[in-house]
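A.B. asks: So that you have it, the file is protein.cif, and it contains mmCIF, C-alpha atoms and all ligand atoms:
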```cif
data_data
loop_
_atom_site.label_atom_id
_atom_site.label_comp_id
_atom_site.auth_asym_id
_atom_site.auth_seq_id
_atom_site.Cartn_x
_atom_site.Cartn_y
_atom_site.Cartn_z
CA MET J 186 -45.12 -160.21 -30.00
CA THR J 187 -45.00 -161.51 -33.58
CA LYS J 188 -45.81 -165.20 -33.82
CA ILE J 189 -46.15 -167.63 -36.70
CA GLU J 190 -47.65 -170.99 -35.88
CA ILE J 191 -47.99 -174.29 -37.74
CA ASN J 192 -50.56 -176.95 -36.85
CA ASP J 193 -50.89 -180.42 -38.44
CA LEU J 194 -49.21 -179.27 -41.62
CA LYS J 195 -48.98 -181.73 -44.51
CA PHE J 196 -47.70 -181.08 -48.00
CA THR J 197 -46.67 -183.18 -51.01
CA TYR J 198 -45.54 -182.15 -54.48
CA PRO J 199 -47.74 -183.61 -57.22
CA GLY J 200 -46.09 -186.71 -58.64
CA ASP J 201 -43.26 -186.66 -56.09
CA ASN J 202 -42.63 -189.01 -53.20
CA PHE J 203 -41.51 -186.23 -50.88
CA GLY J 204 -43.90 -185.36 -48.08
CA LEU J 205 -43.59 -182.63 -45.46
CA LYS J 206 -45.27 -183.28 -42.15
CA ILE J 207 -45.14 -180.96 -39.14
CA LYS J 208 -47.45 -181.50 -36.17
CA HIS J 209 -46.86 -178.28 -34.30
CA LEU J 210 -44.30 -175.50 -34.53
CA THR J 211 -44.18 -171.90 -33.38
CA PHE J 212 -41.69 -169.23 -34.35
CA SER J 213 -41.50 -166.01 -32.33
CA GLU J 214 -39.31 -162.92 -32.59
CA GLY J 215 -35.58 -163.47 -32.86
CA MET J 216 -33.06 -165.10 -35.17
CA ILE J 217 -34.09 -168.61 -36.16
CA ALA J 218 -31.95 -171.10 -38.09
CA ILE J 219 -33.37 -174.07 -39.99
CA ILE J 220 -30.84 -176.75 -40.84
CA GLY J 221 -30.85 -180.16 -42.52
CA GLN J 222 -29.30 -181.93 -45.45
CA ASN J 223 -30.27 -181.45 -49.12
CA GLY J 224 -33.84 -182.52 -49.74
CA ALA J 225 -34.86 -182.42 -46.05
CA GLY J 226 -37.70 -180.03 -46.87
CA LYS J 227 -36.32 -176.70 -45.64
CA SER J 228 -37.14 -174.66 -48.76
CA THR J 229 -40.53 -176.34 -49.00
CA LEU J 230 -41.28 -175.25 -45.44
CA LEU J 231 -40.20 -171.67 -46.22
CA LYS J 232 -42.42 -171.57 -49.29
CA LEU J 233 -45.36 -172.76 -47.19
CA LEU J 234 -44.62 -170.15 -44.53
CA SER J 235 -44.56 -167.44 -47.19
CA GLY J 236 -47.85 -168.60 -48.69
CA LEU J 237 -46.19 -169.42 -52.02
CA ASN J 238 -47.17 -173.07 -51.63
CA GLN J 239 -50.47 -174.12 -50.08
CA PRO J 240 -50.61 -176.99 -47.55
CA ASP J 241 -52.61 -180.11 -48.43
CA SER J 242 -53.96 -179.98 -44.89
CA GLY J 243 -53.32 -178.19 -41.63
CA GLU J 244 -52.92 -174.50 -40.95
CA ILE J 245 -50.37 -171.70 -40.74
CA THR J 246 -51.40 -168.71 -38.66
CA VAL J 247 -49.78 -165.33 -38.16
CA GLU J 248 -50.83 -163.50 -34.99
CA GLY J 249 -53.59 -166.10 -34.65
CA GLN J 250 -55.05 -165.43 -38.11
CA ASN J 251 -54.82 -167.80 -41.09
CA LEU J 252 -51.97 -166.80 -43.41
CA ASN J 253 -54.36 -166.80 -46.38
CA ASP J 254 -56.43 -164.05 -44.75
CA TYR J 255 -53.54 -161.65 -45.33
CA ILE J 256 -53.89 -160.40 -48.89
CA GLY J 257 -51.95 -157.84 -50.96
CA ASP J 258 -50.08 -155.22 -48.94
CA LYS J 259 -51.35 -156.82 -45.70
CA ARG J 260 -49.36 -159.97 -46.67
CA LEU J 261 -46.30 -157.84 -47.53
CA GLU J 262 -46.49 -156.21 -44.12
CA GLN J 263 -46.40 -159.62 -42.48
CA ILE J 264 -44.07 -161.79 -44.55
CA GLY J 265 -41.19 -161.44 -46.99
CA LEU J 266 -39.23 -164.24 -48.68
CA THR J 267 -35.90 -164.31 -50.46
CA PHE J 268 -35.28 -167.27 -52.75
CA GLN J 269 -32.20 -169.46 -52.67
CA ASP J 270 -31.37 -168.33 -56.22
CA PRO J 271 -31.70 -164.54 -56.59
CA ASN J 272 -32.25 -165.03 -60.33
CA ASP J 273 -35.67 -166.49 -59.47
CA GLN J 274 -36.60 -163.26 -57.73
CA ILE J 275 -35.10 -160.22 -59.45
CA PHE J 276 -37.10 -158.73 -62.32
CA ASN J 277 -36.58 -154.94 -62.40
CA ALA J 278 -34.30 -153.03 -64.77
CA THR J 279 -32.14 -151.38 -62.11
CA VAL J 280 -30.95 -152.17 -58.60
CA LYS J 281 -32.81 -149.13 -57.26
CA LYS J 282 -36.10 -150.10 -58.95
CA GLU J 283 -35.81 -153.63 -57.59
CA VAL J 284 -35.73 -152.33 -54.00
CA GLU J 285 -38.36 -149.66 -54.65
CA TRP J 286 -40.85 -152.18 -56.05
CA GLY J 287 -41.93 -153.68 -52.72
CA LEU J 288 -42.13 -150.28 -51.06
CA ARG J 289 -44.38 -148.99 -53.87
CA GLN J 290 -46.70 -152.00 -53.42
CA MET J 291 -47.19 -150.74 -49.89
CA ASP J 292 -48.07 -147.24 -51.10
CA LYS J 293 -45.24 -145.56 -49.22
CA PRO J 294 -44.87 -141.84 -50.03
CA GLU J 295 -42.24 -141.19 -52.74
CA THR J 296 -39.84 -139.45 -50.33
CA GLU J 297 -39.97 -142.50 -48.03
CA VAL J 298 -39.41 -144.87 -50.96
CA GLU J 299 -36.26 -142.94 -51.94
CA ARG J 300 -34.96 -142.63 -48.40
CA ILE J 301 -35.45 -146.29 -47.46
CA THR J 302 -34.04 -147.54 -50.78
CA GLU J 303 -30.85 -145.50 -50.35
CA GLU J 304 -30.50 -146.52 -46.72
CA VAL J 305 -30.92 -150.25 -47.36
CA LEU J 306 -28.61 -150.29 -50.38
CA GLN J 307 -26.03 -148.49 -48.22
CA GLU J 308 -26.46 -151.15 -45.51
CA VAL J 309 -25.83 -154.06 -47.89
CA GLY J 310 -22.99 -152.24 -49.71
CA LEU J 311 -24.72 -151.70 -53.05
CA ALA J 312 -25.27 -147.93 -52.89
CA ASP J 313 -22.80 -147.28 -55.70
CA LYS J 314 -24.59 -149.78 -58.01
CA MET J 315 -28.05 -148.20 -57.74
CA ASP J 316 -28.50 -147.48 -61.41
CA GLU J 317 -26.98 -150.71 -62.70
CA ASN J 318 -28.92 -153.56 -64.23
CA PRO J 319 -29.10 -156.32 -61.60
CA TYR J 320 -27.99 -158.85 -64.20
CA ASP J 321 -24.72 -156.91 -64.66
CA LEU J 322 -23.95 -157.59 -60.98
CA SER J 323 -22.06 -160.61 -59.68
CA LEU J 324 -24.08 -163.49 -58.19
CA SER J 325 -23.13 -162.47 -54.64
CA GLU J 326 -24.22 -158.88 -55.33
CA ARG J 327 -27.53 -160.16 -56.67
CA LYS J 328 -27.85 -162.22 -53.49
CA LEU J 329 -27.32 -159.03 -51.44
CA LEU J 330 -29.88 -157.22 -53.60
CA SER J 331 -32.50 -159.92 -53.05
CA ILE J 332 -31.94 -159.59 -49.30
CA ALA J 333 -32.18 -155.78 -49.52
CA THR J 334 -35.58 -155.93 -51.27
CA VAL J 335 -37.11 -157.80 -48.35
CA VAL J 336 -35.29 -155.89 -45.61
CA ALA J 337 -36.50 -152.58 -47.14
CA VAL J 338 -40.14 -153.54 -46.64
CA ARG J 339 -39.49 -154.52 -43.00
CA PRO J 340 -42.13 -157.27 -42.81
CA LYS J 341 -42.73 -158.71 -39.36
CA ILE J 342 -41.52 -162.12 -40.56
CA LEU J 343 -38.51 -162.36 -42.87
CA LEU J 344 -37.67 -165.66 -44.59
CA PHE J 345 -34.21 -166.17 -46.09
CA ASP J 346 -33.20 -169.25 -48.08
CA GLU J 347 -29.41 -169.64 -47.72
CA PRO J 348 -28.66 -165.90 -47.59
CA MET J 349 -24.93 -166.39 -46.97
CA MET J 350 -24.35 -168.55 -50.03
CA SER J 351 -21.46 -167.14 -52.11
CA LEU J 352 -20.96 -164.09 -49.85
CA ASP J 353 -17.50 -162.99 -48.69
CA TRP J 354 -16.72 -162.27 -45.04
CA PRO J 355 -17.49 -158.49 -44.99
CA SER J 356 -20.86 -159.10 -46.65
CA ARG J 357 -21.63 -161.95 -44.25
CA LYS J 358 -20.88 -159.61 -41.36
CA LYS J 359 -23.19 -156.94 -42.81
CA ILE J 360 -26.03 -159.44 -43.25
CA THR J 361 -25.57 -160.88 -39.75
CA ASP J 362 -25.72 -157.34 -38.32
CA ILE J 363 -28.92 -156.61 -40.24
CA PHE J 364 -30.55 -159.86 -39.05
CA ARG J 365 -29.54 -159.13 -35.45
CA TYR J 366 -30.85 -155.55 -35.71
CA LEU J 367 -34.24 -156.77 -37.00
CA ALA J 368 -34.47 -159.61 -34.46
CA ASP J 369 -33.72 -157.19 -31.61
CA ARG J 370 -36.61 -155.01 -32.79
CA GLY J 371 -39.25 -157.71 -32.65
CA HIS J 372 -39.01 -159.27 -36.12
CA VAL J 373 -39.00 -163.02 -36.72
CA VAL J 374 -35.95 -163.69 -38.91
CA ILE J 375 -36.02 -167.25 -40.23
CA THR J 376 -32.99 -168.46 -42.15
CA ILE J 377 -32.13 -171.70 -43.91
CA THR J 378 -28.42 -172.33 -43.83
CA HIS J 379 -25.79 -175.00 -44.39
CA ASP J 380 -23.17 -172.92 -42.53
CA MET J 381 -22.84 -174.68 -39.18
CA ASP J 382 -20.07 -172.37 -37.90
CA TRP J 383 -22.42 -169.43 -38.36
CA VAL J 384 -25.29 -171.31 -36.70
CA LEU J 385 -23.22 -172.13 -33.61
CA GLU J 386 -21.85 -168.59 -33.38
CA GLU J 387 -25.04 -166.59 -33.93
CA TYR J 388 -28.06 -168.76 -33.09
CA GLU J 389 -29.06 -169.70 -29.59
CA ASP J 390 -31.74 -172.10 -30.87
CA VAL J 391 -31.83 -174.26 -33.95
CA TYR J 392 -34.54 -176.17 -35.84
CA ALA J 393 -33.35 -179.31 -37.61
CA MET J 394 -35.24 -181.15 -40.36
CA ALA J 395 -34.85 -184.60 -41.87
CA HIS J 396 -37.09 -186.42 -44.39
CA GLY J 397 -39.72 -183.67 -44.34
CA GLU J 398 -40.08 -183.64 -40.57
CA LEU J 399 -38.82 -181.53 -37.71
CA VAL J 400 -36.49 -183.75 -35.70
CA TYR J 401 -35.04 -181.20 -33.27
CA SER J 402 -35.84 -177.77 -31.92
CA GLY J 403 -33.86 -176.40 -29.04
CA LYS J 404 -30.48 -175.13 -27.89
CA THR J 405 -27.90 -175.05 -30.69
CA SER J 406 -25.07 -176.10 -28.37
CA GLU J 407 -27.02 -179.16 -27.19
CA PHE J 408 -27.77 -180.19 -30.78
CA PHE J 409 -24.11 -180.21 -31.77
CA GLU J 410 -23.17 -182.06 -28.59
CA SER J 411 -25.40 -184.98 -29.60
CA PRO J 412 -23.57 -187.20 -32.14
CA SER J 413 -26.72 -189.24 -32.88
CA LEU J 414 -28.79 -186.14 -33.67
CA VAL J 415 -26.04 -184.62 -35.84
CA GLU J 416 -25.83 -187.90 -37.73
CA GLU J 417 -29.61 -188.17 -38.16
CA VAL J 418 -29.84 -184.63 -39.51
CA GLY J 419 -26.77 -185.17 -41.67
CA VAL J 420 -24.93 -181.87 -41.18
CA LEU J 421 -21.25 -181.14 -40.69
CA LEU J 422 -20.01 -180.24 -37.24
CA PRO J 423 -18.97 -176.62 -36.66
CA LYS J 424 -15.16 -176.25 -36.49
CA ALA J 425 -15.34 -175.17 -32.84
CA THR J 426 -17.25 -178.34 -31.90
CA GLU J 427 -14.79 -180.53 -33.83
CA VAL J 428 -11.84 -178.94 -32.03
CA LYS J 429 -13.56 -179.39 -28.67
CA ARG J 430 -14.23 -183.07 -29.43
CA GLU J 431 -10.61 -183.63 -30.43
CA LEU J 432 -9.40 -181.90 -27.29
CA ASP J 433 -11.72 -183.96 -25.07
CA ARG J 434 -10.50 -187.15 -26.75
CA TYR J 435 -6.87 -186.12 -26.28
CA LEU J 436 -7.38 -185.25 -22.61
CA LYS J 437 -9.18 -188.57 -21.99
CA GLU J 438 -6.34 -190.56 -23.55
CA LYS J 439 -3.66 -188.69 -21.63
N1 LIG B 501 -41.26 -178.03 -57.33
C1 LIG B 501 -41.05 -179.27 -56.93
N2 LIG B 501 -41.69 -180.32 -57.51
C2 LIG B 501 -41.48 -181.59 -57.11
N3 LIG B 501 -40.63 -181.93 -56.11
C3 LIG B 501 -39.96 -180.94 -55.51
C4 LIG B 501 -40.12 -179.55 -55.87
N4 LIG B 501 -39.31 -178.79 -55.09
C5 LIG B 501 -38.68 -179.65 -54.26
N5 LIG B 501 -39.06 -180.92 -54.51
C6 LIG B 501 -38.60 -182.12 -53.79
O1 LIG B 501 -38.95 -181.98 -52.42
C7 LIG B 501 -37.90 -182.46 -51.59
C8 LIG B 501 -37.50 -181.38 -50.58
O2 LIG B 501 -36.93 -180.29 -51.29
P1 LIG B 501 -36.50 -178.94 -50.58
O3 LIG B 501 -36.01 -178.03 -51.67
O4 LIG B 501 -37.59 -178.45 -49.73
O5 LIG B 501 -35.27 -179.42 -49.68
P2 LIG B 501 -34.19 -178.55 -48.91
O6 LIG B 501 -34.09 -179.11 -47.55
O7 LIG B 501 -34.49 -177.10 -49.04
O8 LIG B 501 -32.87 -178.90 -49.74
P3 LIG B 501 -31.62 -177.97 -50.16
O9 LIG B 501 -30.75 -177.84 -48.95
O10 LIG B 501 -30.97 -178.77 -51.25
O11 LIG B 501 -32.15 -176.66 -50.66
C9 LIG B 501 -36.78 -182.90 -52.51
O12 LIG B 501 -36.87 -184.29 -52.65
C10 LIG B 501 -37.08 -182.23 -53.82
O13 LIG B 501 -36.67 -183.01 -54.91
#
```
Will you turn the file into structure tokens for me?

C.D. replies:
Amino acid sequence: MTKIEINDLKFTYPGDNFGLKIKHLTFSEGMIAIIGQNGAGKSTLLKLLSGLNQPDSGEITVEGQNLNDYIGDKRLEQIGLTFQDPNDQIFNATVKKEVEWGLRQMDKPETEVERITEEVLQEVGLADKMDENPYDLSLSERKLLSIATVVAVRPKILLFDEPMMSLDWPSRKKITDIFRYLADRGHVVITITHDMDWVLEEYEDVYAMAHGELVYSGKTSEFFESPSLVEEVGVLLPKATEVKRELDRYLKEK
């Protein structure tokens, strides 16, 4: 079973007041949502989990081994990250080359590179844009491309920073299906999101952050049923929860 574990993690940005502090946290296979208001530290946590940022103290382990021990293609096999802004990530001249890049780093045979690239671009709905320059695509298409590059490599742990941002409903459905498919096959799929309807619908458990700390991990339904927690974390209620609250209030008053 794939497992990523955090112990006594501390991190600060140089010259910034923000500090991230997590005593202990374990993520295992499945779909995992991280929520919290702007500036809570969600992206910072993802960057630490990917190895992009280094903790000031504490440790992140994957399968019991320090994250920093995984180097080069060994790191790619374990962890993949998509940035919140796909423009920070995409650097190849065509859509196809962008997806192929990660696969080539892993020394996949050329026939495999071609097959996987076509398959993944088909899955995210970009197969007909293969030869286009990514910067001629719309922002939402670039978002899909950034997701495809990580999904193609099939790392054990996939980290997505607001993958649904700017996507329309059919694309959101495609991405949810891909996440579910990977989670069902033993991958750890960790996603930052501000979409509380999606969280309630698709995620059994949720991890909530506030002021650089983890303030809740547990059942999603229980989180949204706690007004004090929802207020502390500073997120909107899902529509379904709002309707239920209104209905309960109405029935009580009747
Ligand atoms: N590169 C950086 N240098 C200095 N401070 C930073 C840097 N990146 C983020 N911060 C600060 O760290 C804090 C946490 O930021 P972070 O991006 O992790 O929050 P977040 O929960 O992902 O927010 P959002 O939902 O807006 O993406 C913020 O106060 C932010 O200003």

A.B. asks: Which residues form the shell of 9 Å around ligand LIG 501 (chain B) when you count only C-alpha atoms and all ligand atoms, given as a ChimeraX atom specification?

C.D. replies: /J:197-205,220-232,269,346-347,377-379,394-397

A.B. asks: Got a sec: who's within 10 Å of region 420-424 of chain J, counting all atoms listed in the file, leaving out chain neighbours fewer than 2 positions off, as a list in words?

C.D. replies: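 The residues that qualify are Ile220, Gly221, Gln222, Asn223, His379, Asp380, Met381, Asp382, Trp383, Val384, Leu385, Glu386, Ala393, Phe409, Glu410, Pro412, Leu414, Val415, Glu416, Glu417, Val418, Thr426, Glu427, Val428, Lys429 and Arg430 of chain J.
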
A.B. asks: Export C-alpha atoms of the chosen residues as a compact mmCIF listing (two decimals), keeping the file's coordinate frame?

C.D. replies:
```txt
# COMPACT_ATOMS: atom_id res chain seq x y z
CA ILE J 220 -30.84 -176.75 -40.84
CA GLY J 221 -30.85 -180.16 -42.52
CA GLN J 222 -29.30 -181.93 -45.45
CA ASN J 223 -30.27 -181.45 -49.12
CA HIS J 379 -25.79 -175.00 -44.39
CA ASP J 380 -23.17 -172.92 -42.53
CA MET J 381 -22.84 -174.68 -39.18
CA ASP J 382 -20.07 -172.37 -37.90
CA TRP J 383 -22.42 -169.43 -38.36
CA VAL J 384 -25.29 -171.31 -36.70
CA LEU J 385 -23.22 -172.13 -33.61
CA GLU J 386 -21.85 -168.59 -33.38
CA ALA J 393 -33.35 -179.31 -37.61
CA PHE J 409 -24.11 -180.21 -31.77
CA GLU J 410 -23.17 -182.06 -28.59
CA PRO J 412 -23.57 -187.20 -32.14
CA LEU J 414 -28.79 -186.14 -33.67
CA VAL J 415 -26.04 -184.62 -35.84
CA GLU J 416 -25.83 -187.90 -37.73
CA GLU J 417 -29.61 -188.17 -38.16
CA VAL J 418 -29.84 -184.63 -39.51
CA THR J 426 -17.25 -178.34 -31.90
CA GLU J 427 -14.79 -180.53 -33.83
CA VAL J 428 -11.84 -178.94 -32.03
CA LYS J 429 -13.56 -179.39 -28.67
CA ARG J 430 -14.23 -183.07 -29.43
```

A.B. asks: Work out how far CA of Val400 (chain J) is from CA of Gly249 (chain J), in Å to one decimal.

C.D. replies: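 Result for CA of Gly249 (chain J) versus CA of Val400 (chain J): 24.6 Å, one decimal.
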
A.B. asks: Please report the interatomic distance between CA of Phe345 (chain J) and CA of Met216 (chain J) in Å with one decimal.

C.D. replies: 11.0 Å

A.B. asks: Could you check which of J:Ile275, J:Leu266, J:Leu288, J:Leu261 is closest to Val374 (chain J), using only C-alpha atoms?

C.D. replies: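 Residue with the minimum atom-to-atom distance to Val374 (chain J): J:Leu266.
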
A.B. asks: Given the choices J:Lys259, J:Arg434, J:Lys188, J:Lys195, which gets closest to Gln239 (chain J) if the distance is worked out from only C-alpha atoms?

C.D. replies: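 Ranking J:Lys259, J:Arg434, J:Lys188, J:Lys195 by distance to Gln239 (chain J), first place goes to J:Lys195.
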
A.B. asks: Expressed in Å to a single decimal, how great is the separation between CA of Tyr320 (chain J) and CA of Gln307 (chain J)?

C.D. replies: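 CA of Gln307 (chain J) lies at a distance of 19.1 Å from CA of Tyr320 (chain J).
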
A.B. asks: Give the answer as one residue: which of J:Asp353, J:Glu308, J:Asp321, J:Glu283 has the shortest atom-to-atom distance to Thr334 (chain J), using all atoms listed in the file?

C.D. replies: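 Residue with the minimum atom-to-atom distance to Thr334 (chain J): J:Glu283.
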
A.B. asks: For Leu324 (chain J), find every residue with an atom within 10 Å (counting all atoms listed in the file), except residues of its own chain fewer than 4 positions away, and show them as a VMD selection string.

C.D. replies: chain J and resid 270 to 272 319 to 320 328 to 330 350 to 352

A.B. asks: Go through J:Gly371, J:Trp354, J:Ala218, J:Lys359 and flag the residue nearest Gly403 (chain J), using only C-alpha atoms for the distances.

C.D. replies: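 The closest residue to Gly403 (chain J) is J:Ala218.
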
A.B. asks: Given the choices J:Val309, J:Ser242, J:Asp193, J:Glu326, which gets closest to Ile360 (chain J) if the distance is worked out from all atoms listed in the file?

C.D. replies: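 Between J:Val309, J:Ser242, J:Asp193, J:Glu326, the residue approaching Ile360 (chain J) most closely is J:Val309.
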
A.B. asks: Neighbouring residues of Ile301 (chain J) were defined as those with any atom within 12 Å, considering only C-alpha atoms; residues of the same chain fewer than 3 positions away were excluded. Please report them as a list in words.

C.D. replies: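 After dropping sequence-adjacent residues, the list is Lys281, Val284, Glu285, Trp286, Gly287, Leu288, Arg289, Lys293, Pro294, Glu295, Thr296, Glu297, Val298, Glu304, Val305, Leu306, Gln307, Glu308, Ala312, Ala333, Thr334, Val335, Val336, Ala337, Val338 and Arg339 of chain J.
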
A.B. asks: Which one of J:Lys208, J:Arg327, J:Arg260, J:Arg370 sits closest to Gln274 (chain J) if you count all atoms listed in the file?

C.D. replies: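 So, comparing all the options, the nearest one is J:Arg327.
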
A.B. asks: Could region 390-404 of chain J be completed with N, CA and C atoms and written as a compact mmCIF listing (two decimals), in the frame of the given file, please?

C.D. replies:
```
# COMPACT_ATOMS: atom_id res chain seq x y z
N ASP J 390 -30.90 -170.93 -30.61
CA ASP J 390 -31.74 -172.10 -30.87
C ASP J 390 -31.67 -172.50 -32.33
N VAL J 391 -31.87 -173.78 -32.57
CA VAL J 391 -31.83 -174.26 -33.95
C VAL J 391 -32.99 -175.22 -34.19
N TYR J 392 -33.47 -175.26 -35.44
CA TYR J 392 -34.54 -176.17 -35.84
C TYR J 392 -33.95 -177.06 -36.92
N ALA J 393 -33.98 -178.39 -36.67
CA ALA J 393 -33.35 -179.31 -37.61
C ALA J 393 -34.41 -180.19 -38.27
N MET J 394 -34.28 -180.33 -39.60
CA MET J 394 -35.24 -181.15 -40.36
C MET J 394 -34.56 -182.35 -40.99
N ALA J 395 -35.31 -183.43 -41.12
CA ALA J 395 -34.85 -184.60 -41.87
C ALA J 395 -36.08 -185.29 -42.44
N HIS J 396 -36.01 -185.70 -43.70
CA HIS J 396 -37.09 -186.42 -44.39
C HIS J 396 -38.44 -185.72 -44.23
N GLY J 397 -38.46 -184.42 -44.36
CA GLY J 397 -39.72 -183.67 -44.34
C GLY J 397 -40.32 -183.46 -42.96
N GLU J 398 -39.55 -183.83 -41.92
CA GLU J 398 -40.08 -183.64 -40.57
C GLU J 398 -39.10 -182.84 -39.70
N LEU J 399 -39.66 -182.23 -38.67
CA LEU J 399 -38.82 -181.53 -37.71
C LEU J 399 -38.31 -182.55 -36.70
N VAL J 400 -36.99 -182.72 -36.61
CA VAL J 400 -36.49 -183.75 -35.70
C VAL J 400 -35.84 -183.15 -34.44
N TYR J 401 -35.60 -181.83 -34.48
CA TYR J 401 -35.04 -181.20 -33.27
C TYR J 401 -35.39 -179.72 -33.26
N SER J 402 -35.78 -179.22 -32.12
CA SER J 402 -35.84 -177.77 -31.92
C SER J 402 -35.38 -177.51 -30.50
N GLY J 403 -34.38 -176.67 -30.37
CA GLY J 403 -33.86 -176.40 -29.04
C GLY J 403 -32.49 -175.75 -29.11
N LYS J 404 -31.77 -175.81 -28.01
CA LYS J 404 -30.48 -175.13 -27.89
C LYS J 404 -29.50 -175.65 -28.96
```
